[in-house]
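Colleague: One structure, pasted below without further comment.
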Amino acid sequence: MPKCIFFPVSNAPQHMNSTNMQQQQYAQPRHRQETIIKEIGSFLRELEETKKSREITYFSQLLGTKIYDADNHHIGRLQDLVVTSGEKFPVVEALICQHGKFTIKIMWQFIAAFNTHINLTLPFYKIPKEKIQDNDILIGATIIDKQLVDINGLKVIRVNDIALAKIKGRLNLVSIDIGMRGILRRIGLQKVSGWLGIKDQLVPWSNIEPLHDSLKRIRINVSMPHIDELHPADVADLLEELSMKERQSVFKSINSRTAARILEEAEDFVKKSVANSLEERRAALIIEKMSRHKAADILSLIDDEKKERLLGLMKLEVAAAIRELLTYPAESAGRFMSLRYVAIPKHFTIRRTIEYLRRMDLKPRILHYVYVVDELNALAGVLSLRDIVLAHPEALAQDIMKRRVISIKTKAGVKDATAIMAKYDLLGLPVIDSERKIKGILNIEEVFTESGTRVAEEPIAQPLPKYKNIFREIGAVLRDIDEFIRIKQIERLKGLKDRGIKLSFDKQKIIDDETKH
């Protein structure tokens with residue numbers, strides 16, 4: 001519906017008739033609409049001018065361009081470009097020239113031509129030689145090869161090249177290249193991308209959100225509510241790539257339950273960072289919605305004083321359960337057990353057991369077994385869900401339960417629990433105290449996740465992260481090139497054979513092998 005502004009009756013001029021009032025009501029919205037239309041029109045004209053410009057080029061193509069002064073003396077080569085921040089399209093305000101062993105900054109006002117080579121307006125000795133400042137934004141040093149978090153695409157991507165274009169007579173940064181074509185362009189294989197049909201993958205600068213005034217950190221500009229639609233484990237992986245302040249902004253913008261699920265999947269350093277950086281009431285609300293053993297795990301990572309403050313902001317029963325888990329050693333079964341399990345008296349019928357499961361307030365997230373306890377609340381037996389489904393509704397739990405129940409003590413190691421569950425093919429393992437009373441349950445999914453995490457933490461020799469992905473991508477392209485050449489060779493040989501030209505044994509064998517495959 002169109003927005004309208006209505007005058008209060010008490011403030012309306014007495015002589016104003018209904019027609020005048022109507023005109024006055026709509027005057028303000030129309031003015032705003034005209035302003036918005038002008039802004040959109042201006043922006044579209046700039047985009048159209050950018051598209052029409054024949055001087056669109058890439059940063060990688062400019063590197064090493066020769067620079068000549070007004071006397072046509074070769075003074076050096078282009079090493080980098082300095083751009084302004086805070087603009088719709090950042091403007092190139094200076095270039096960095098490699099002059100022998102020295103690096104100098106030349107302001108844009110002294111540039112006469114910027115084509116296959118760069119010409120200056122003055123002789124070299126008359127041009128002011130500026131020094132590179134700490135707050136200068138250099139395309140090559142600051143933006144190229146930076147990693148961006150693309151939450152819509154759920155991945156971390158890299159800036160492979162920068163697209164530049166002239167707008168209103170000035171050179172502007174208009175897009176970033178995140179695709180394979182940008183990599184090939186930088187290593188001198190741009191023609192190969194044409195042979196293989198590799199297209200540009202450009203992200204307009206308008207979709208880039210600087211996370212710092214100096215563009216030291218940038219990311220794809222996305223709407224945070226989309227995070228709710230992603231799997232928590234995937235978002236947790238992305239959080240590892242962000243700084244503390246960026247993680248803080250993510251957790252401020254999503255609901256507490258989603259934040260809790262994400263935090264459960266995160267690495268310890270991410271958990272600690274979030275717990276320490278968020279406002280305490282917000283942090284307590286998120287941790288309160290986590291599973292109890294995961295909440296105890298995150299609280300064990302922070303100092304005792306803050307831990308007590310966070311526990312004091314939680315519900316009493318939740319805080320009490322977490323405090324109990326924190327009394328167990330860090331690597332014990334007691335620390336990792338879930339407090340949500342199902343235990344029934346041995347005199348329950350199967351019908352009553354099913355009704356009890358349906359009416360439970362806090363249903364276990366994972367349910368494999370129903371445990372049976374005696375009059376002293378000690379563990380007496382176990383029922384699988386299969387036993388419950390196939391049994392007669394009036395059968396008693398004590399008559400069909402398995403009496404030999406494999407269990408583990410609270411202070412036993414989690415590695416021992418892993419070994420027991422693997423040995424006996426158990427999906428769940430009850431954790432008991434010295435009186436055989438159930439204190440919690442270990443589920444196979446969580447136990448093996450915990451043990452797997454610890455194995456993954458062992459140091460493994462890896463390539464430098466900066467180069468690992470680019471080497472992998474270049475390898476994939478080279479394999480595509482080999483396949484392309486092989487296909488063209490086979491097509492050429494088949495064409496020769498079709499024209500009746502006799503082929504050598506080796507060439508005929510290539511065609512025969514291809515036919516077999």
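In the structure tokens, the first chain shown is A, the next is B, and so on; residue numbers restart at 1 for each chain, and ligands run from 1 in the order shown.
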Within 9 Å of Phe59 in chain A, counting only C-alpha atoms, which residues qualify if same-chain residues fewer than 4 places away don't, as a list of chain:residue names?
Modeller: A:Leu63, A:Asp80, A:Leu81, A:Ile139, A:Gly140, A:Asp161, A:Ile162, A:Ala163, A:Leu164
Colleague: Could you save the residues just selected, with C-alpha atoms, as a short mmCIF file (atom, residue, chain, number, x, y, z; two decimals), in the first residue's frame?
Modeller:
data_model
loop_
_atom_site.label_atom_id
_atom_site.label_comp_id
_atom_site.auth_asym_id
_atom_site.auth_seq_id
_atom_site.Cartn_x
_atom_site.Cartn_y
_atom_site.Cartn_z
CA LEU A 63 50.49 -4.97 -13.49
CA ASP A 80 49.85 -1.36 -7.53
CA LEU A 81 46.90 1.03 -7.45
CA ILE A 139 44.37 -3.18 -4.54
CA GLY A 140 47.12 -5.77 -4.83
CA ASP A 161 41.19 -10.36 -9.81
CA ILE A 162 39.69 -6.85 -9.87
CA ALA A 163 37.64 -5.32 -12.72
CA LEU A 164 38.31 -1.62 -13.33
#
Colleague: Determine which residues of range 191-382 of chain A receive a DSSP assignment of strand (DSSP E or B), computed from the backbone, and state them as a list in words.
Modeller: Leu202, Val203, Pro204, Ile208, Glu209, Pro210, Ile218, Arg219, Ile220, Ser332, Ser338, Ala343, Ile344, Pro345, Thr349, Tyr369, Val370, Tyr371, Val372, Val373, Ala378, Leu379, Ala380, Gly381 and Val382 of chain A
Colleague: Pick the closest to Phe110 in chain A from A:Ile67, A:Lys131, A:Ile322, A:Met421: which is it, counting only C-alpha atoms?
Modeller: A:Ile67
Colleague: Using only C-alpha atoms, which protein or nucleic acid residues come within 10 Å of Arg352 in chain A? Drop anything in the same chain fewer than 2 positions from it, and give the result as a list in words.
Modeller: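 Here the qualifying residues turn out to be Ile344, His347, Phe348, Thr349, Ile350, Ile354, Glu355, Tyr356, Leu357, Arg358, Pro393, Glu394, Ala395, Leu396 and Ala397 of chain A.
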Colleague: Could you please take those selected residues and save N, CA and C atoms as a tab-separated table (two decimals), in the first residue's frame?
Modeller:
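Full text of out02.tsv as output:
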chain	number	residue	atom	x	y	z
A	344	ILE	N	11.83	-45.99	32.85
A	344	ILE	CA	10.48	-46.32	33.32
A	344	ILE	C	10.57	-47.36	34.43
A	347	HIS	N	7.33	-52.16	36.34
A	347	HIS	CA	5.95	-52.66	36.29
A	347	HIS	C	5.12	-51.98	35.20
A	348	PHE	N	5.71	-51.05	34.45
A	348	PHE	CA	4.99	-50.38	33.36
A	348	PHE	C	4.65	-51.38	32.26
A	349	THR	N	3.43	-51.25	31.70
A	349	THR	CA	3.09	-52.03	30.51
A	349	THR	C	3.63	-51.30	29.27
A	350	ILE	N	3.65	-52.01	28.16
A	350	ILE	CA	4.10	-51.39	26.91
A	350	ILE	C	3.17	-50.25	26.51
A	354	ILE	N	4.39	-46.31	26.01
A	354	ILE	CA	4.20	-45.48	24.81
A	354	ILE	C	3.48	-44.17	25.16
A	355	GLU	N	2.46	-44.25	26.02
A	355	GLU	CA	1.76	-43.04	26.45
A	355	GLU	C	2.70	-42.10	27.19
A	356	TYR	N	3.58	-42.67	28.02
A	356	TYR	CA	4.55	-41.86	28.76
A	356	TYR	C	5.52	-41.15	27.81
A	357	LEU	N	5.96	-41.85	26.77
A	357	LEU	CA	6.87	-41.24	25.79
A	357	LEU	C	6.19	-40.07	25.08
A	358	ARG	N	4.91	-40.23	24.78
A	358	ARG	CA	4.19	-39.17	24.06
A	358	ARG	C	3.97	-37.93	24.92
A	393	PRO	N	0.69	-54.93	23.79
A	393	PRO	CA	0.47	-53.70	24.56
A	393	PRO	C	0.35	-53.91	26.06
A	394	GLU	N	-0.11	-55.08	26.49
A	394	GLU	CA	-0.30	-55.32	27.93
A	394	GLU	C	0.90	-56.02	28.57
A	395	ALA	N	1.94	-56.31	27.80
A	395	ALA	CA	3.13	-56.97	28.37
A	395	ALA	C	3.83	-56.02	29.32
A	396	LEU	N	4.40	-56.58	30.40
A	396	LEU	CA	5.13	-55.77	31.37
A	396	LEU	C	6.57	-55.57	30.92
A	397	ALA	N	7.13	-54.41	31.25
A	397	ALA	CA	8.51	-54.11	30.88
A	397	ALA	C	9.48	-55.13	31.46
Colleague: In terms of the shortest atom-to-atom distance over only C-alpha atoms, which of A:Val235, A:Val370, A:Ile75, A:Ile441 is closest to Arg340 in chain A?
Modeller: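 The answer is A:Ile441, which sits nearest to Arg340 in chain A.
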Colleague: Name all residues at most 9 Å from Leu313 in chain A (count only C-alpha atoms; drop same-chain ones fewer than 5 positions away) and give them as a ChimeraX atom specification.
Modeller: /A:280-281,284-285,308,319
Colleague: Using only C-alpha atoms, which residues sit within 8 Å of Asp268 in chain A once same-chain residues fewer than 2 positions away are excluded, as number ranges by chain?
Modeller: A: 266, 270-272, 298, 301
Colleague: Emit the selected residues as a PDB file, in the first residue's frame, including C-alpha atoms.
Modeller:
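Output below, filename again19.pdb:
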ATOM      1  CA  ALA A 266      31.667 -24.969  16.591  1.00  0.00           C
ATOM      2  CA  VAL A 270      34.976 -20.169  18.352  1.00  0.00           C
ATOM      3  CA  LYS A 271      32.921 -21.105  21.440  1.00  0.00           C
ATOM      4  CA  LYS A 272      35.306 -19.236  23.718  1.00  0.00           C
ATOM      5  CA  ILE A 298      31.649 -24.116  26.651  1.00  0.00           C
ATOM      6  CA  LEU A 301      36.534 -22.721  28.482  1.00  0.00           C
TER       7      LEU A 301
END
Colleague: Considering only C-alpha atoms, can you say which of A:Leu367, A:Val405, A:Ile137, A:Met360 comes closest to Leu379 in chain A?
Modeller: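 Among the listed residues, the smallest separation from Leu379 in chain A belongs to A:Val405.
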Colleague: Within 8 Å of range 428-437 of chain A, counting only C-alpha atoms, which residues qualify if same-chain residues fewer than 4 places away don't, as a PyMOL selection string?
Modeller: chain A and resi 333-334+337+368-369+377-379+406-410+417+421+441-444
Colleague: Restricting the output to all heavy atoms, write the selected residues as a short mmCIF file (atom, residue, chain, number, x, y, z; two decimals), in the first residue's frame.
Modeller:
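Output file again_4.cif follows:
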data_model
loop_
_atom_site.label_atom_id
_atom_site.label_comp_id
_atom_site.auth_asym_id
_atom_site.auth_seq_id
_atom_site.Cartn_x
_atom_site.Cartn_y
_atom_site.Cartn_z
N ALA A 333 33.17 -39.74 31.09
CA ALA A 333 31.83 -40.02 30.54
C ALA A 333 30.80 -39.10 31.16
O ALA A 333 29.84 -38.69 30.50
CB ALA A 333 31.48 -41.48 30.81
N GLY A 334 30.99 -38.75 32.44
CA GLY A 334 30.05 -37.86 33.12
C GLY A 334 29.97 -36.49 32.47
O GLY A 334 28.90 -35.88 32.44
N MET A 337 27.92 -36.89 29.01
CA MET A 337 26.62 -37.57 28.98
C MET A 337 25.49 -36.56 28.79
O MET A 337 25.57 -35.41 29.20
CB MET A 337 26.41 -38.35 30.28
CG MET A 337 26.26 -37.50 31.52
SD MET A 337 26.14 -38.52 33.01
CE MET A 337 26.00 -37.27 34.28
N HIS A 368 17.29 -44.11 21.39
CA HIS A 368 17.53 -45.47 20.89
C HIS A 368 16.97 -46.52 21.84
O HIS A 368 16.46 -47.55 21.40
CB HIS A 368 19.02 -45.72 20.71
CG HIS A 368 19.67 -44.84 19.68
ND1 HIS A 368 19.24 -44.82 18.37
CD2 HIS A 368 20.70 -43.96 19.77
CE1 HIS A 368 19.99 -43.96 17.69
NE2 HIS A 368 20.87 -43.43 18.51
N TYR A 369 17.07 -46.27 23.15
CA TYR A 369 16.68 -47.26 24.16
C TYR A 369 15.82 -46.61 25.23
O TYR A 369 15.91 -45.41 25.49
CB TYR A 369 17.92 -47.86 24.83
CG TYR A 369 18.90 -48.51 23.88
CD1 TYR A 369 20.16 -47.95 23.67
CD2 TYR A 369 18.57 -49.68 23.19
CE1 TYR A 369 21.07 -48.54 22.82
CE2 TYR A 369 19.46 -50.27 22.32
CZ TYR A 369 20.71 -49.69 22.13
OH TYR A 369 21.61 -50.28 21.27
N ASN A 377 15.24 -47.28 42.15
CA ASN A 377 15.63 -46.43 41.02
C ASN A 377 16.98 -46.81 40.43
O ASN A 377 17.64 -46.01 39.78
CB ASN A 377 15.66 -44.95 41.45
CG ASN A 377 15.30 -44.04 40.30
OD1 ASN A 377 14.55 -44.41 39.40
ND2 ASN A 377 15.85 -42.83 40.31
N ALA A 378 17.38 -48.08 40.67
CA ALA A 378 18.63 -48.57 40.09
C ALA A 378 18.35 -49.22 38.74
O ALA A 378 17.25 -49.74 38.49
CB ALA A 378 19.27 -49.59 41.03
N LEU A 379 19.34 -49.22 37.87
CA LEU A 379 19.20 -49.77 36.52
C LEU A 379 18.97 -51.28 36.59
O LEU A 379 19.76 -52.02 37.17
CB LEU A 379 20.47 -49.49 35.72
CG LEU A 379 20.49 -49.98 34.27
CD1 LEU A 379 19.39 -49.32 33.44
CD2 LEU A 379 21.85 -49.70 33.65
N ILE A 406 24.81 -53.31 29.62
CA ILE A 406 26.18 -52.81 29.62
C ILE A 406 26.14 -51.32 29.94
O ILE A 406 25.38 -50.55 29.31
CB ILE A 406 26.85 -53.04 28.26
CG1 ILE A 406 26.92 -54.55 27.99
CG2 ILE A 406 28.23 -52.42 28.19
CD1 ILE A 406 27.28 -54.91 26.58
N SER A 407 26.93 -50.89 30.92
CA SER A 407 26.91 -49.50 31.36
C SER A 407 28.34 -49.06 31.66
O SER A 407 29.30 -49.82 31.52
CB SER A 407 26.04 -49.36 32.61
OG SER A 407 26.53 -50.21 33.66
N ILE A 408 28.47 -47.79 32.05
CA ILE A 408 29.79 -47.24 32.36
C ILE A 408 29.65 -46.27 33.52
O ILE A 408 28.59 -45.64 33.70
CB ILE A 408 30.39 -46.53 31.12
CG1 ILE A 408 31.88 -46.26 31.32
CG2 ILE A 408 29.63 -45.26 30.78
CD1 ILE A 408 32.59 -45.82 30.06
N LYS A 409 30.70 -46.14 34.34
CA LYS A 409 30.68 -45.24 35.49
C LYS A 409 30.93 -43.79 35.05
O LYS A 409 31.52 -43.53 34.01
CB LYS A 409 31.73 -45.66 36.51
CG LYS A 409 31.47 -47.02 37.14
CD LYS A 409 30.24 -46.96 38.03
CE LYS A 409 29.97 -48.30 38.72
NZ LYS A 409 30.99 -48.66 39.69
N THR A 410 30.47 -42.87 35.86
CA THR A 410 30.54 -41.44 35.50
C THR A 410 31.98 -40.96 35.30
O THR A 410 32.24 -40.11 34.46
CB THR A 410 29.88 -40.58 36.59
OG1 THR A 410 30.45 -40.90 37.86
CG2 THR A 410 28.38 -40.80 36.62
N ALA A 417 34.41 -45.36 26.83
CA ALA A 417 33.03 -45.47 26.37
C ALA A 417 32.97 -45.75 24.87
O ALA A 417 32.18 -46.57 24.40
CB ALA A 417 32.28 -44.18 26.70
N MET A 421 31.22 -49.10 23.20
CA MET A 421 30.12 -49.00 22.25
C MET A 421 30.47 -49.64 20.91
O MET A 421 29.63 -50.25 20.25
CB MET A 421 29.74 -47.53 22.06
CG MET A 421 29.20 -46.88 23.33
SD MET A 421 28.77 -45.14 23.14
CE MET A 421 27.15 -45.27 22.42
N ILE A 441 23.13 -40.43 29.77
CA ILE A 441 23.25 -41.38 28.66
C ILE A 441 24.25 -40.85 27.65
O ILE A 441 24.31 -39.66 27.37
CB ILE A 441 21.86 -41.60 27.99
CG1 ILE A 441 21.96 -42.58 26.83
CG2 ILE A 441 21.28 -40.31 27.52
CD1 ILE A 441 22.11 -43.99 27.27
N LEU A 442 25.07 -41.76 27.14
CA LEU A 442 25.99 -41.41 26.04
C LEU A 442 25.40 -41.96 24.76
O LEU A 442 25.13 -43.16 24.66
CB LEU A 442 27.37 -42.01 26.28
CG LEU A 442 28.19 -41.44 27.44
CD1 LEU A 442 29.46 -42.25 27.65
CD2 LEU A 442 28.54 -39.99 27.19
N ASN A 443 25.20 -41.09 23.77
CA ASN A 443 24.69 -41.52 22.47
C ASN A 443 25.84 -41.68 21.49
O ASN A 443 26.81 -40.92 21.51
CB ASN A 443 23.69 -40.49 21.93
CG ASN A 443 22.41 -40.46 22.73
OD1 ASN A 443 21.71 -41.46 22.83
ND2 ASN A 443 22.12 -39.31 23.33
N ILE A 444 25.73 -42.66 20.62
CA ILE A 444 26.84 -43.00 19.73
C ILE A 444 27.22 -41.81 18.84
O ILE A 444 28.41 -41.58 18.58
CB ILE A 444 26.48 -44.24 18.87
CG1 ILE A 444 27.71 -44.69 18.08
CG2 ILE A 444 25.30 -43.95 17.95
CD1 ILE A 444 27.55 -46.04 17.43
#
Colleague: Just the residues within 10 Å of Arg185 in chain A, please, counting only C-alpha atoms, with nothing from its chain fewer than 2 positions along; format it as a list in words.
Modeller: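 Near neighbours after the sequence-gap exclusion: Tyr58, Phe59, Ser60, Gln61, Asn160, Asp161, Met180, Arg181, Gly182, Ile183, Ile187, Gly188, Leu189, Gln190, Lys191, Val192 and Ser193 of chain A.
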